[in-house]
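Heads up, the thing below is written out as structure tokens.
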Amino acid sequence: MNNITKESDVLRIVKEDILRFLGERNREVSIDIIKDEIKVIFSLIFEAIGELEKEELIDSHKDFYQLNEKGKTKARDILRKHQVFEDYFKKTRSEREAHEIAHILEHYVSREVTNNIIKLSTFQKDGVPLTDIEGGDKRLITDIMISADTMFERLVSMGILPGEDIILISRLPNVVIVNVGNKKYALDKDIANKIKVLKDEES
């Protein structure tokens, strides 16, 4: 868990990680195995499990936990988003990195963005660098050619992610001004050059 993640989002992300993990196992799992899988402090795991029980998403028996029917539905949605992004990025990244990117994106993407990625998967087009398009143009982000590290997650947490629309507002010598989701950001030109978008406005 990177420290760039907003504190208010941390608990939600841990809860989603637990749901996804239990969904993948599809059986009772001990608290020790959950602790080994979810790399955060135990008090946060304990708090997340407590909330999941209150929300009636998981059932417990001593120190073992499993999804109930309501939890399985929630977990399937998270797993579906993860799989959509992992399959998409396997085309341009290693299997391990595609998995890491999907693990980041599953916590931030909306249903609309997930559907955009499904549509992008059908296009036989390579994206072009954001810096190549004209100012004022709105394009769909196809990729961010940065490894799944702190900078990648920082961009994603800002809403700059594949499947999302981005508008290039203006260029300065070393900075590109963009608009994403009605928010304006100044990006380093080298970073902007690694953001790939559809060449034309068709999406």
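In the structure tokens, the first chain shown is A, the next is B, and so on; residue numbers restart at 1 for each chain, and ligands run from 1 in the order shown.
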
Write out as a list in words the residues lying within 6 Å of stretch 165-169 of chain A, counting only C-alpha atoms and excluding same-chain residues fewer than 2 positions away.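 The filter keeps Gly135, Gly136, Asp137, Lys138, Arg139, Leu140, Ile177, Val178, Asn179 and Val180 of chain A.
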
Could you produce a table of the residues of stretch 94-202 of chain A lying within 12 Å of stretch 8-19 of chain A, with the nearest pair of atoms per residue and their separation in Å rounded to one decimal, using only C-alpha atoms, ordered by chain and increasing residue number, as JSON lines?
{"residue": "A:His103", "atom": "CA", "partner": "A:Asp17", "partner_atom": "CA", "distance": 8.8}
{"residue": "A:Ile104", "atom": "CA", "partner": "A:Ile13", "partner_atom": "CA", "distance": 9.6}
{"residue": "A:Leu105", "atom": "CA", "partner": "A:Ile13", "partner_atom": "CA", "distance": 10.9}
{"residue": "A:Glu106", "atom": "CA", "partner": "A:Glu16", "partner_atom": "CA", "distance": 8.9}
{"residue": "A:His107", "atom": "CA", "partner": "A:Ile13", "partner_atom": "CA", "distance": 6.3}
{"residue": "A:Tyr108", "atom": "CA", "partner": "A:Ile13", "partner_atom": "CA", "distance": 9.2}
{"residue": "A:Ser157", "atom": "CA", "partner": "A:Asp9", "partner_atom": "CA", "distance": 10.2}

The selected residues should be written to file as a PDB file, in the first residue's frame (atoms: C-alpha atoms).
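The result, stored in again02.pdb:
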ATOM      1  CA  HIS A 103      -4.505  -4.689  -8.945  1.00  0.00           C
ATOM      2  CA  ILE A 104      -4.068  -0.891  -8.769  1.00  0.00           C
ATOM      3  CA  LEU A 105      -6.810  -0.026 -11.240  1.00  0.00           C
ATOM      4  CA  GLU A 106      -9.490  -2.290  -9.751  1.00  0.00           C
ATOM      5  CA  HIS A 107      -9.805   0.134  -6.822  1.00  0.00           C
ATOM      6  CA  TYR A 108     -10.281   3.278  -8.893  1.00  0.00           C
ATOM      7  CA  SER A 157      -5.365   8.293  -8.083  1.00  0.00           C
TER       8      SER A 157
END

Proximity check stretch 55-109 of chain A to stretch 142-145 of chain A, 10 Å, nearest pairs one decimal Å, only C-alpha atoms, as a Markdown table:
| residue | atom | partner | partner_atom | distance |
| --- | --- | --- | --- | --- |
| A:Tyr88 | CA | A:Asp143 | CA | 9.7 |
| A:Phe89 | CA | A:Asp143 | CA | 8.4 |
| A:Thr92 | CA | A:Asp143 | CA | 9.1 |
| A:Arg93 | CA | A:Met145 | CA | 9.4 |

Looking only at alpha helix (DSSP H) from DSSP on the backbone, list the matching residues of stretch 22-160 of chain A as a tab-separated table (two decimals) with N, CA and C atoms, in the first residue's frame.
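For reference, out_18.tsv as written:
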chain	number	residue	atom	x	y	z
A	22	LEU	N	-10.83	-13.50	-1.04
A	22	LEU	CA	-11.78	-14.55	-0.67
A	22	LEU	C	-12.53	-15.06	-1.90
A	23	GLY	N	-12.80	-14.16	-2.85
A	23	GLY	CA	-13.47	-14.57	-4.09
A	23	GLY	C	-12.59	-15.49	-4.91
A	24	GLU	N	-11.29	-15.22	-4.95
A	24	GLU	CA	-10.37	-16.09	-5.68
A	24	GLU	C	-10.26	-17.47	-5.03
A	25	ARG	N	-10.27	-17.50	-3.70
A	25	ARG	CA	-10.14	-18.79	-3.00
A	25	ARG	C	-11.46	-19.56	-2.99
A	31	ILE	N	-7.49	-16.24	9.18
A	31	ILE	CA	-7.02	-14.87	9.34
A	31	ILE	C	-5.52	-14.79	9.07
A	32	ASP	N	-4.77	-15.84	9.39
A	32	ASP	CA	-3.32	-15.82	9.15
A	32	ASP	C	-3.00	-15.75	7.67
A	33	ILE	N	-3.78	-16.48	6.86
A	33	ILE	CA	-3.56	-16.45	5.41
A	33	ILE	C	-3.93	-15.08	4.85
A	34	ILE	N	-5.01	-14.50	5.35
A	34	ILE	CA	-5.40	-13.15	4.91
A	34	ILE	C	-4.30	-12.15	5.25
A	35	LYS	N	-3.73	-12.26	6.47
A	35	LYS	CA	-2.64	-11.36	6.88
A	35	LYS	C	-1.44	-11.51	5.95
A	36	ASP	N	-1.13	-12.72	5.54
A	36	ASP	CA	0.02	-12.94	4.65
A	36	ASP	C	-0.22	-12.35	3.27
A	37	GLU	N	-1.47	-12.36	2.83
A	37	GLU	CA	-1.81	-11.88	1.49
A	37	GLU	C	-1.96	-10.36	1.43
A	42	PHE	N	-1.98	-5.27	10.88
A	42	PHE	CA	-3.07	-6.16	11.26
A	42	PHE	C	-4.30	-5.40	11.76
A	43	SER	N	-4.09	-4.29	12.48
A	43	SER	CA	-5.23	-3.54	13.00
A	43	SER	C	-6.15	-3.07	11.87
A	44	LEU	N	-5.57	-2.76	10.70
A	44	LEU	CA	-6.37	-2.33	9.56
A	44	LEU	C	-7.14	-3.50	8.96
A	45	ILE	N	-6.51	-4.66	8.89
A	45	ILE	CA	-7.20	-5.87	8.43
A	45	ILE	C	-8.35	-6.19	9.37
A	46	PHE	N	-8.09	-6.12	10.67
A	46	PHE	CA	-9.12	-6.40	11.67
A	46	PHE	C	-10.30	-5.44	11.52
A	47	GLU	N	-10.00	-4.15	11.30
A	47	GLU	CA	-11.06	-3.15	11.12
A	47	GLU	C	-11.85	-3.44	9.85
A	48	ALA	N	-11.14	-3.78	8.77
A	48	ALA	CA	-11.80	-4.06	7.49
A	48	ALA	C	-12.72	-5.28	7.61
A	49	ILE	N	-12.24	-6.33	8.28
A	49	ILE	CA	-13.06	-7.53	8.47
A	49	ILE	C	-14.31	-7.20	9.28
A	50	GLY	N	-14.14	-6.38	10.31
A	50	GLY	CA	-15.28	-5.97	11.12
A	50	GLY	C	-16.34	-5.26	10.30
A	51	GLU	N	-15.90	-4.37	9.40
A	51	GLU	CA	-16.85	-3.65	8.55
A	51	GLU	C	-17.53	-4.58	7.55
A	52	LEU	N	-16.75	-5.52	7.00
A	52	LEU	CA	-17.33	-6.47	6.05
A	52	LEU	C	-18.38	-7.34	6.71
A	53	GLU	N	-18.16	-7.68	7.97
A	53	GLU	CA	-19.16	-8.46	8.71
A	53	GLU	C	-20.40	-7.61	8.96
A	54	LYS	N	-20.23	-6.34	9.33
A	54	LYS	CA	-21.37	-5.45	9.56
A	54	LYS	C	-22.18	-5.25	8.28
A	69	GLU	N	-23.45	-15.03	0.01
A	69	GLU	CA	-23.94	-14.76	-1.35
A	69	GLU	C	-23.82	-13.29	-1.73
A	70	LYS	N	-24.15	-12.41	-0.78
A	70	LYS	CA	-24.02	-10.97	-1.04
A	70	LYS	C	-22.56	-10.60	-1.30
A	71	GLY	N	-21.66	-11.18	-0.51
A	71	GLY	CA	-20.24	-10.91	-0.68
A	71	GLY	C	-19.70	-11.45	-1.98
A	72	LYS	N	-20.21	-12.62	-2.40
A	72	LYS	CA	-19.76	-13.20	-3.67
A	72	LYS	C	-20.11	-12.29	-4.85
A	73	THR	N	-21.28	-11.66	-4.79
A	73	THR	CA	-21.68	-10.74	-5.85
A	73	THR	C	-20.72	-9.56	-5.92
A	74	LYS	N	-20.38	-9.00	-4.76
A	74	LYS	CA	-19.45	-7.87	-4.69
A	74	LYS	C	-18.07	-8.28	-5.18
A	75	ALA	N	-17.62	-9.45	-4.75
A	75	ALA	CA	-16.30	-9.93	-5.13
A	75	ALA	C	-16.21	-10.19	-6.63
A	76	ARG	N	-17.29	-10.71	-7.22
A	76	ARG	CA	-17.30	-10.98	-8.66
A	76	ARG	C	-17.09	-9.70	-9.46
A	77	ASP	N	-17.68	-8.59	-8.99
A	77	ASP	CA	-17.52	-7.32	-9.68
A	77	ASP	C	-16.07	-6.85	-9.63
A	78	ILE	N	-15.43	-7.01	-8.47
A	78	ILE	CA	-14.03	-6.62	-8.33
A	78	ILE	C	-13.15	-7.51	-9.20
A	79	LEU	N	-13.40	-8.82	-9.17
A	79	LEU	CA	-12.61	-9.76	-9.96
A	79	LEU	C	-12.79	-9.52	-11.46
A	80	ARG	N	-14.01	-9.14	-11.85
A	80	ARG	CA	-14.28	-8.87	-13.27
A	80	ARG	C	-13.46	-7.67	-13.73
A	81	LYS	N	-13.47	-6.60	-12.93
A	81	LYS	CA	-12.68	-5.42	-13.30
A	81	LYS	C	-11.20	-5.76	-13.38
A	82	HIS	N	-10.73	-6.52	-12.40
A	82	HIS	CA	-9.32	-6.92	-12.40
A	82	HIS	C	-8.97	-7.69	-13.67
A	83	GLN	N	-9.82	-8.65	-14.05
A	83	GLN	CA	-9.54	-9.49	-15.21
A	83	GLN	C	-9.57	-8.69	-16.50
A	84	VAL	N	-10.52	-7.74	-16.61
A	84	VAL	CA	-10.60	-6.90	-17.81
A	84	VAL	C	-9.29	-6.15	-18.01
A	85	PHE	N	-8.79	-5.53	-16.94
A	85	PHE	CA	-7.55	-4.76	-17.06
A	85	PHE	C	-6.33	-5.65	-17.23
A	86	GLU	N	-6.30	-6.78	-16.55
A	86	GLU	CA	-5.15	-7.67	-16.69
A	86	GLU	C	-5.06	-8.19	-18.12
A	87	ASP	N	-6.18	-8.61	-18.70
A	87	ASP	CA	-6.17	-9.10	-20.08
A	87	ASP	C	-5.74	-7.99	-21.05
A	88	TYR	N	-6.21	-6.77	-20.79
A	88	TYR	CA	-5.89	-5.64	-21.67
A	88	TYR	C	-4.39	-5.35	-21.65
A	89	PHE	N	-3.79	-5.31	-20.48
A	89	PHE	CA	-2.38	-4.93	-20.37
A	89	PHE	C	-1.43	-6.07	-20.69
A	95	GLU	N	3.22	-10.55	-17.95
A	95	GLU	CA	2.07	-11.06	-17.20
A	95	GLU	C	2.08	-10.54	-15.76
A	96	ARG	N	3.27	-10.48	-15.16
A	96	ARG	CA	3.37	-9.99	-13.78
A	96	ARG	C	2.98	-8.52	-13.68
A	97	GLU	N	3.49	-7.70	-14.62
A	97	GLU	CA	3.18	-6.27	-14.54
A	97	GLU	C	1.72	-6.01	-14.86
A	98	ALA	N	1.17	-6.77	-15.80
A	98	ALA	CA	-0.26	-6.62	-16.11
A	98	ALA	C	-1.10	-6.90	-14.87
A	99	HIS	N	-0.70	-7.90	-14.10
A	99	HIS	CA	-1.41	-8.23	-12.86
A	99	HIS	C	-1.29	-7.10	-11.85
A	100	GLU	N	-0.09	-6.53	-11.72
A	100	GLU	CA	0.14	-5.45	-10.76
A	100	GLU	C	-0.67	-4.21	-11.14
A	101	ILE	N	-0.71	-3.89	-12.44
A	101	ILE	CA	-1.48	-2.73	-12.90
A	101	ILE	C	-2.96	-2.95	-12.64
A	102	ALA	N	-3.44	-4.15	-12.95
A	102	ALA	CA	-4.86	-4.45	-12.72
A	102	ALA	C	-5.20	-4.34	-11.24
A	103	HIS	N	-4.27	-4.75	-10.39
A	103	HIS	CA	-4.50	-4.69	-8.94
A	103	HIS	C	-4.66	-3.24	-8.47
A	104	ILE	N	-3.92	-2.32	-9.10
A	104	ILE	CA	-4.07	-0.89	-8.77
A	104	ILE	C	-5.39	-0.35	-9.31
A	105	LEU	N	-5.66	-0.63	-10.57
A	105	LEU	CA	-6.81	-0.03	-11.24
A	105	LEU	C	-8.15	-0.51	-10.69
A	111	ARG	N	-17.64	1.72	-13.63
A	111	ARG	CA	-18.18	0.79	-14.62
A	111	ARG	C	-17.99	1.34	-16.04
A	112	GLU	N	-18.15	2.67	-16.18
A	112	GLU	CA	-17.99	3.30	-17.50
A	112	GLU	C	-16.57	3.13	-18.02
A	113	VAL	N	-15.58	3.35	-17.15
A	113	VAL	CA	-14.19	3.19	-17.56
A	113	VAL	C	-13.89	1.74	-17.91
A	114	THR	N	-14.42	0.81	-17.12
A	114	THR	CA	-14.23	-0.62	-17.41
A	114	THR	C	-14.80	-0.96	-18.78
A	115	ASN	N	-15.98	-0.43	-19.09
A	115	ASN	CA	-16.59	-0.68	-20.40
A	115	ASN	C	-15.76	-0.05	-21.51
A	116	ASN	N	-15.16	1.11	-21.25
A	116	ASN	CA	-14.30	1.74	-22.26
A	116	ASN	C	-13.09	0.86	-22.56
A	117	ILE	N	-12.53	0.23	-21.52
A	117	ILE	CA	-11.39	-0.66	-21.72
A	117	ILE	C	-11.80	-1.88	-22.55
A	118	ILE	N	-13.00	-2.39	-22.29
A	118	ILE	CA	-13.51	-3.51	-23.10
A	118	ILE	C	-13.61	-3.09	-24.56
A	119	LYS	N	-14.09	-1.87	-24.81
A	119	LYS	CA	-14.18	-1.37	-26.19
A	119	LYS	C	-12.79	-1.18	-26.79
A	120	LEU	N	-11.87	-0.63	-26.00
A	120	LEU	CA	-10.51	-0.42	-26.50
A	120	LEU	C	-9.86	-1.74	-26.89
A	150	THR	N	5.08	3.92	-7.97
A	150	THR	CA	4.45	5.04	-7.27
A	150	THR	C	3.89	6.07	-8.23
A	151	MET	N	4.63	6.41	-9.29
A	151	MET	CA	4.15	7.42	-10.23
A	151	MET	C	2.91	6.94	-10.97
A	152	PHE	N	2.89	5.66	-11.36
A	152	PHE	CA	1.70	5.12	-12.03
A	152	PHE	C	0.49	5.25	-11.12
A	153	GLU	N	0.64	4.84	-9.86
A	153	GLU	CA	-0.49	4.89	-8.94
A	153	GLU	C	-0.88	6.34	-8.64
A	154	ARG	N	0.08	7.25	-8.63
A	154	ARG	CA	-0.24	8.67	-8.41
A	154	ARG	C	-1.14	9.19	-9.53
A	155	LEU	N	-0.78	8.86	-10.77
A	155	LEU	CA	-1.60	9.30	-11.91
A	155	LEU	C	-3.00	8.70	-11.83
A	156	VAL	N	-3.07	7.41	-11.51
A	156	VAL	CA	-4.36	6.74	-11.41
A	156	VAL	C	-5.22	7.37	-10.33
A	157	SER	N	-4.61	7.70	-9.18
A	157	SER	CA	-5.36	8.29	-8.08
A	157	SER	C	-5.88	9.69	-8.45

So how many Å separate atom CA of A:Asn193 and atom CA of A:Thr122, to one decimal?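 Value for the atom CA of A:Asn193-atom CA of A:Thr122 distance: 23.9 Å.
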
So which bits of chain A end up strand (DSSP E or B) when you DSSP the backbone, as a PyMOL selection string? chain A and resi 29-30+58-61+64-67+128-129+138-144+165-171+175-180+183-188+195-197

Hey, can you spit out that residue selection with N, CA and C atoms as a compact mmCIF listing (two decimals), in the first residue's frame?
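Produced file selection_33.txt, reproduced below:
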# COMPACT_ATOMS: atom_id res chain seq x y z
N VAL A 29 -11.13 -19.15 4.65
CA VAL A 29 -9.71 -18.80 4.70
C VAL A 29 -9.40 -18.30 6.11
N SER A 30 -8.26 -18.71 6.64
CA SER A 30 -7.89 -18.30 7.99
C SER A 30 -7.40 -16.86 8.02
N ILE A 58 -19.37 -11.03 4.55
CA ILE A 58 -18.60 -12.23 4.88
C ILE A 58 -19.18 -12.88 6.14
N ASP A 59 -18.94 -14.18 6.26
CA ASP A 59 -19.33 -14.93 7.44
C ASP A 59 -18.05 -15.44 8.11
N SER A 60 -18.11 -15.59 9.43
CA SER A 60 -16.93 -16.04 10.15
C SER A 60 -17.24 -17.26 11.01
N HIS A 61 -16.21 -18.07 11.19
CA HIS A 61 -16.29 -19.22 12.09
C HIS A 61 -14.94 -19.32 12.78
N PHE A 64 -11.77 -18.15 10.89
CA PHE A 64 -11.88 -18.42 9.46
C PHE A 64 -13.01 -17.57 8.88
N TYR A 65 -12.81 -17.14 7.62
CA TYR A 65 -13.77 -16.24 6.98
C TYR A 65 -14.06 -16.72 5.57
N GLN A 66 -15.31 -16.50 5.13
CA GLN A 66 -15.67 -16.80 3.75
C GLN A 66 -16.77 -15.84 3.30
N LEU A 67 -16.91 -15.72 2.00
CA LEU A 67 -17.94 -14.86 1.44
C LEU A 67 -19.32 -15.51 1.57
N VAL A 128 -1.27 7.20 -29.43
CA VAL A 128 -0.20 8.16 -29.71
C VAL A 128 0.08 8.95 -28.44
N PRO A 129 1.27 9.52 -28.30
CA PRO A 129 1.56 10.29 -27.09
C PRO A 129 0.60 11.48 -26.95
N LYS A 138 -10.24 16.32 -26.98
CA LYS A 138 -10.56 15.32 -25.95
C LYS A 138 -10.30 13.94 -26.53
N ARG A 139 -9.51 13.16 -25.87
CA ARG A 139 -9.19 11.81 -26.33
C ARG A 139 -9.31 10.81 -25.19
N LEU A 140 -9.46 9.55 -25.57
CA LEU A 140 -9.54 8.46 -24.61
C LEU A 140 -8.13 7.94 -24.35
N ILE A 141 -7.76 7.83 -23.09
CA ILE A 141 -6.44 7.30 -22.73
C ILE A 141 -6.42 5.80 -23.00
N THR A 142 -5.41 5.35 -23.73
CA THR A 142 -5.28 3.93 -24.04
C THR A 142 -4.25 3.22 -23.18
N ASP A 143 -3.26 3.96 -22.69
CA ASP A 143 -2.20 3.33 -21.91
C ASP A 143 -1.40 4.41 -21.21
N ILE A 144 -0.68 4.01 -20.18
CA ILE A 144 0.30 4.87 -19.52
C ILE A 144 1.58 4.06 -19.47
N ASP A 165 -11.36 9.81 -20.32
CA ASP A 165 -11.14 10.91 -21.25
C ASP A 165 -10.16 11.93 -20.67
N ILE A 166 -9.34 12.51 -21.54
CA ILE A 166 -8.41 13.56 -21.14
C ILE A 166 -8.42 14.66 -22.20
N ILE A 167 -8.33 15.89 -21.77
CA ILE A 167 -8.29 17.04 -22.68
C ILE A 167 -6.96 17.74 -22.49
N LEU A 168 -6.21 17.93 -23.57
CA LEU A 168 -4.99 18.71 -23.53
C LEU A 168 -5.37 20.18 -23.66
N ILE A 169 -5.10 20.95 -22.61
CA ILE A 169 -5.50 22.36 -22.62
C ILE A 169 -4.42 23.23 -23.24
N SER A 170 -3.19 23.07 -22.79
CA SER A 170 -2.10 23.89 -23.35
C SER A 170 -0.76 23.24 -23.06
N ARG A 171 0.26 23.68 -23.81
CA ARG A 171 1.63 23.22 -23.61
C ARG A 171 2.50 24.39 -23.19
N VAL A 175 5.97 21.66 -19.35
CA VAL A 175 4.75 21.25 -18.66
C VAL A 175 3.59 21.19 -19.64
N VAL A 176 2.72 20.22 -19.44
CA VAL A 176 1.50 20.10 -20.23
C VAL A 176 0.31 20.23 -19.28
N ILE A 177 -0.64 21.11 -19.63
CA ILE A 177 -1.82 21.32 -18.81
C ILE A 177 -2.96 20.48 -19.38
N VAL A 178 -3.57 19.66 -18.53
CA VAL A 178 -4.65 18.78 -18.99
C VAL A 178 -5.86 18.92 -18.08
N ASN A 179 -6.99 18.45 -18.59
CA ASN A 179 -8.23 18.41 -17.82
C ASN A 179 -8.75 16.97 -17.83
N VAL A 180 -9.00 16.44 -16.64
CA VAL A 180 -9.55 15.10 -16.50
C VAL A 180 -10.65 15.16 -15.45
N LYS A 183 -11.16 18.36 -13.56
CA LYS A 183 -10.05 18.83 -12.75
C LYS A 183 -8.86 19.12 -13.66
N LYS A 184 -8.13 20.17 -13.34
CA LYS A 184 -7.01 20.60 -14.16
C LYS A 184 -5.70 20.18 -13.48
N TYR A 185 -4.78 19.63 -14.29
CA TYR A 185 -3.50 19.19 -13.76
C TYR A 185 -2.36 19.68 -14.66
N ALA A 186 -1.23 19.96 -14.03
CA ALA A 186 -0.01 20.28 -14.76
C ALA A 186 0.90 19.06 -14.70
N LEU A 187 1.22 18.50 -15.86
CA LEU A 187 2.05 17.30 -15.92
C LEU A 187 3.42 17.63 -16.51
N ASP A 188 4.43 17.02 -15.95
CA ASP A 188 5.76 17.10 -16.55
C ASP A 188 5.67 16.58 -17.99
N ILE A 195 1.84 9.10 -21.71
CA ILE A 195 0.39 8.85 -21.69
C ILE A 195 -0.06 8.70 -23.13
N LYS A 196 -0.59 7.53 -23.48
CA LYS A 196 -1.02 7.27 -24.85
C LYS A 196 -2.54 7.47 -24.96
N VAL A 197 -2.96 8.07 -26.08
CA VAL A 197 -4.38 8.34 -26.31
C VAL A 197 -4.75 7.88 -27.72

Can you measure atom CA of A:Leu57 to atom CA of A:Arg27 for me? One decimal in Å is fine.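 For atom CA of A:Leu57 relative to atom CA of A:Arg27, the distance reads 13.8 Å.
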
Work out how far atom CA of A:Ser121 is from atom CA of A:Asp190, in Å to one decimal.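 About the pair atom CA of A:Asp190 and atom CA of A:Ser121: they are 25.9 Å apart.
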